[in-house]
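Q: Before we start, here is the structure in question, set down as structure tokens.
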Amino acid sequence: MSNKSIRIHLECKECGKPKFVDVNTFGFLRWQQGMLIQRALPELSTDDRELLISRICPECWTKLFPPDKEEEDDGTWIDPAGGVHTGDDDDPAKMYE
Ligand SMILES: [Zn+2]
């Protein structure tokens, strides 16, 4: 039953503000040993995880990657001829068969 936690002090590499994250000691060590942070420290918020992984605080993270920009995983792809398609279009592989 290891529920001890340690406080990790970090400095945001974007704004330089001192930040800290309280983490479970055991989970933190497991993460340091290579375990996925989502598994080693499942209780952390996404913000805290990003702070530990990339050393960017939530405020800077939002500035760098505004959440309203939906660029990821919307199924958009560009074919070799330069056409832009959405995920609803036919699979590109089929077009060239
Ligand atoms: Zn920052």
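Convention: chains lettered A, B, ... in structure tokens order; per-chain residue numbering from 1; ligands numbered from 1 as shown.
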Write out as a tab-separated table a residue-level contact list of chain A versus ligand 1 with cut-off 9 Å: for each qualifying residue the closest pair of atoms and the distance in Å to one decimal, counting only C-alpha atoms and all ligand atoms, rows sorted by chain and residue number upward.
A:
```
residue	atom	partner	partner_atom_place_in_ligand_line	distance
A:Glu11	CA	ligand 1	1 (Zn)	8.0
A:Cys12	CA	ligand 1	1 (Zn)	4.7
A:Lys13	CA	ligand 1	1 (Zn)	6.6
A:Glu14	CA	ligand 1	1 (Zn)	4.9
A:Cys15	CA	ligand 1	1 (Zn)	4.0
A:Gly16	CA	ligand 1	1 (Zn)	6.1
A:Lys17	CA	ligand 1	1 (Zn)	5.9
A:Pro18	CA	ligand 1	1 (Zn)	8.5
A:Lys19	CA	ligand 1	1 (Zn)	8.7
A:Arg55	CA	ligand 1	1 (Zn)	8.3
A:Ile56	CA	ligand 1	1 (Zn)	5.5
A:Cys57	CA	ligand 1	1 (Zn)	4.3
A:Pro58	CA	ligand 1	1 (Zn)	6.8
A:Glu59	CA	ligand 1	1 (Zn)	5.7
A:Cys60	CA	ligand 1	1 (Zn)	4.4
A:Trp61	CA	ligand 1	1 (Zn)	7.3
```
Q: How about saving the chosen residues, C-alpha atoms kept, as a PDB file, in the first residue's frame?
A:
```pdb
ATOM      1  CA  GLU A  11       9.866  25.096 -14.713  1.00  0.00           C
ATOM      2  CA  CYS A  12       7.724  25.626 -17.786  1.00  0.00           C
ATOM      3  CA  LYS A  13      10.090  25.795 -20.725  1.00  0.00           C
ATOM      4  CA  GLU A  14       7.824  28.258 -22.509  1.00  0.00           C
ATOM      5  CA  CYS A  15       7.032  30.881 -19.874  1.00  0.00           C
ATOM      6  CA  GLY A  16       9.584  29.896 -17.236  1.00  0.00           C
ATOM      7  CA  LYS A  17       7.002  29.827 -14.453  1.00  0.00           C
ATOM      8  CA  PRO A  18       7.713  27.430 -11.618  1.00  0.00           C
ATOM      9  CA  LYS A  19       5.168  24.617 -11.488  1.00  0.00           C
ATOM     10  CA  ARG A  55       7.521  20.647 -19.378  1.00  0.00           C
ATOM     11  CA  ILE A  56       4.920  22.957 -20.814  1.00  0.00           C
ATOM     12  CA  CYS A  57       2.343  24.378 -18.431  1.00  0.00           C
ATOM     13  CA  PRO A  58      -1.388  24.201 -19.260  1.00  0.00           C
ATOM     14  CA  GLU A  59      -1.561  27.915 -20.106  1.00  0.00           C
ATOM     15  CA  CYS A  60       1.277  27.689 -22.632  1.00  0.00           C
ATOM     16  CA  TRP A  61      -0.050  24.399 -23.927  1.00  0.00           C
TER      17      TRP A  61
END
```
Q: Write out as an MDAnalysis selection string each polymer residue whose atoms come within 8 Å of A:Ala40, counting only C-alpha atoms; drop sequence neighbours fewer than 6 positions from it.
A: chainID A and resid 27:28 30:31
Q: Running DSSP on the backbone, which parts of stretch 5-86 of chain A land in alpha helix (DSSP H), as JSON, numbers by chain?
A: {"A": [25, 26, 27, 28, 29, 30, 31, 32, 37, 38, 39, 40, 46, 47, 48, 49, 50, 51, 52, 53, 54, 58, 59, 60, 61, 62, 63, 64]}
Q: What would the file look like if the residues just selected were written as a compact mmCIF listing (two decimals), in the first residue's frame with N, CA and C atoms?
A:
```txt
# COMPACT_ATOMS: atom_id res chain seq x y z
N THR A 25 4.60 8.27 -5.59
CA THR A 25 6.03 7.96 -5.68
C THR A 25 6.29 6.69 -6.49
N PHE A 26 5.52 5.68 -6.17
CA PHE A 26 5.68 4.39 -6.85
C PHE A 26 5.38 4.51 -8.35
N GLY A 27 4.28 5.19 -8.66
CA GLY A 27 3.91 5.38 -10.05
C GLY A 27 4.94 6.19 -10.80
N PHE A 28 5.47 7.20 -10.14
CA PHE A 28 6.47 8.04 -10.78
C PHE A 28 7.71 7.22 -11.13
N LEU A 29 8.12 6.36 -10.19
CA LEU A 29 9.29 5.53 -10.45
C LEU A 29 9.03 4.57 -11.61
N ARG A 30 7.81 4.04 -11.65
CA ARG A 30 7.49 3.13 -12.75
C ARG A 30 7.53 3.86 -14.10
N TRP A 31 7.06 5.10 -14.09
CA TRP A 31 7.11 5.90 -15.32
C TRP A 31 8.57 6.13 -15.72
N GLN A 32 9.41 6.46 -14.73
CA GLN A 32 10.83 6.69 -15.01
C GLN A 32 11.49 5.44 -15.58
N ILE A 37 2.98 6.68 -19.06
CA ILE A 37 2.53 7.54 -17.96
C ILE A 37 1.05 7.36 -17.66
N GLN A 38 0.27 7.04 -18.68
CA GLN A 38 -1.17 6.82 -18.45
C GLN A 38 -1.40 5.62 -17.54
N ARG A 39 -0.49 4.66 -17.62
CA ARG A 39 -0.64 3.46 -16.79
C ARG A 39 0.03 3.65 -15.44
N ALA A 40 1.18 4.30 -15.44
CA ALA A 40 1.92 4.46 -14.20
C ALA A 40 1.25 5.48 -13.28
N THR A 46 -4.69 15.42 -17.49
CA THR A 46 -3.97 15.55 -18.75
C THR A 46 -2.96 16.70 -18.66
N ASP A 47 -3.37 17.77 -18.02
CA ASP A 47 -2.47 18.92 -17.87
C ASP A 47 -1.20 18.54 -17.12
N ASP A 48 -1.39 17.83 -16.02
CA ASP A 48 -0.23 17.44 -15.22
C ASP A 48 0.68 16.49 -15.99
N ARG A 49 0.07 15.61 -16.76
CA ARG A 49 0.87 14.68 -17.56
C ARG A 49 1.71 15.43 -18.59
N GLU A 50 1.07 16.39 -19.26
CA GLU A 50 1.81 17.16 -20.26
C GLU A 50 2.95 17.93 -19.62
N LEU A 51 2.67 18.45 -18.43
CA LEU A 51 3.69 19.20 -17.71
C LEU A 51 4.89 18.31 -17.41
N LEU A 52 4.63 17.09 -17.00
CA LEU A 52 5.72 16.16 -16.70
C LEU A 52 6.45 15.73 -17.97
N ILE A 53 5.70 15.46 -19.02
CA ILE A 53 6.31 14.93 -20.24
C ILE A 53 7.02 16.03 -21.02
N SER A 54 6.30 17.13 -21.27
CA SER A 54 6.88 18.14 -22.17
C SER A 54 7.36 19.39 -21.45
N PRO A 58 -0.09 24.21 -18.56
CA PRO A 58 -1.39 24.20 -19.26
C PRO A 58 -1.67 25.49 -20.02
N GLU A 59 -1.29 26.63 -19.43
CA GLU A 59 -1.56 27.91 -20.11
C GLU A 59 -0.81 28.01 -21.42
N CYS A 60 0.47 27.63 -21.41
CA CYS A 60 1.28 27.69 -22.63
C CYS A 60 0.81 26.62 -23.61
N TRP A 61 0.42 25.49 -23.07
CA TRP A 61 -0.05 24.40 -23.93
C TRP A 61 -1.25 24.87 -24.75
N THR A 62 -2.15 25.58 -24.08
CA THR A 62 -3.34 26.08 -24.77
C THR A 62 -2.96 27.10 -25.83
N LYS A 63 -1.94 27.91 -25.52
CA LYS A 63 -1.49 28.91 -26.49
C LYS A 63 -0.85 28.25 -27.70
N LEU A 64 -0.05 27.24 -27.43
CA LEU A 64 0.68 26.56 -28.52
C LEU A 64 -0.27 25.70 -29.35
```
Q: Work out how far apart atom CA of A:Leu44 and atom CA of A:Val23 are and give it in Å to one decimal.
A: 7.5 Å
Q: What does the distance between atom CA of A:Leu41 and atom CA of A:Pro67 come to in Å, to one decimal place?
A: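 We find that atom CA of A:Leu41 and atom CA of A:Pro67 lie 23.6 Å from each other.
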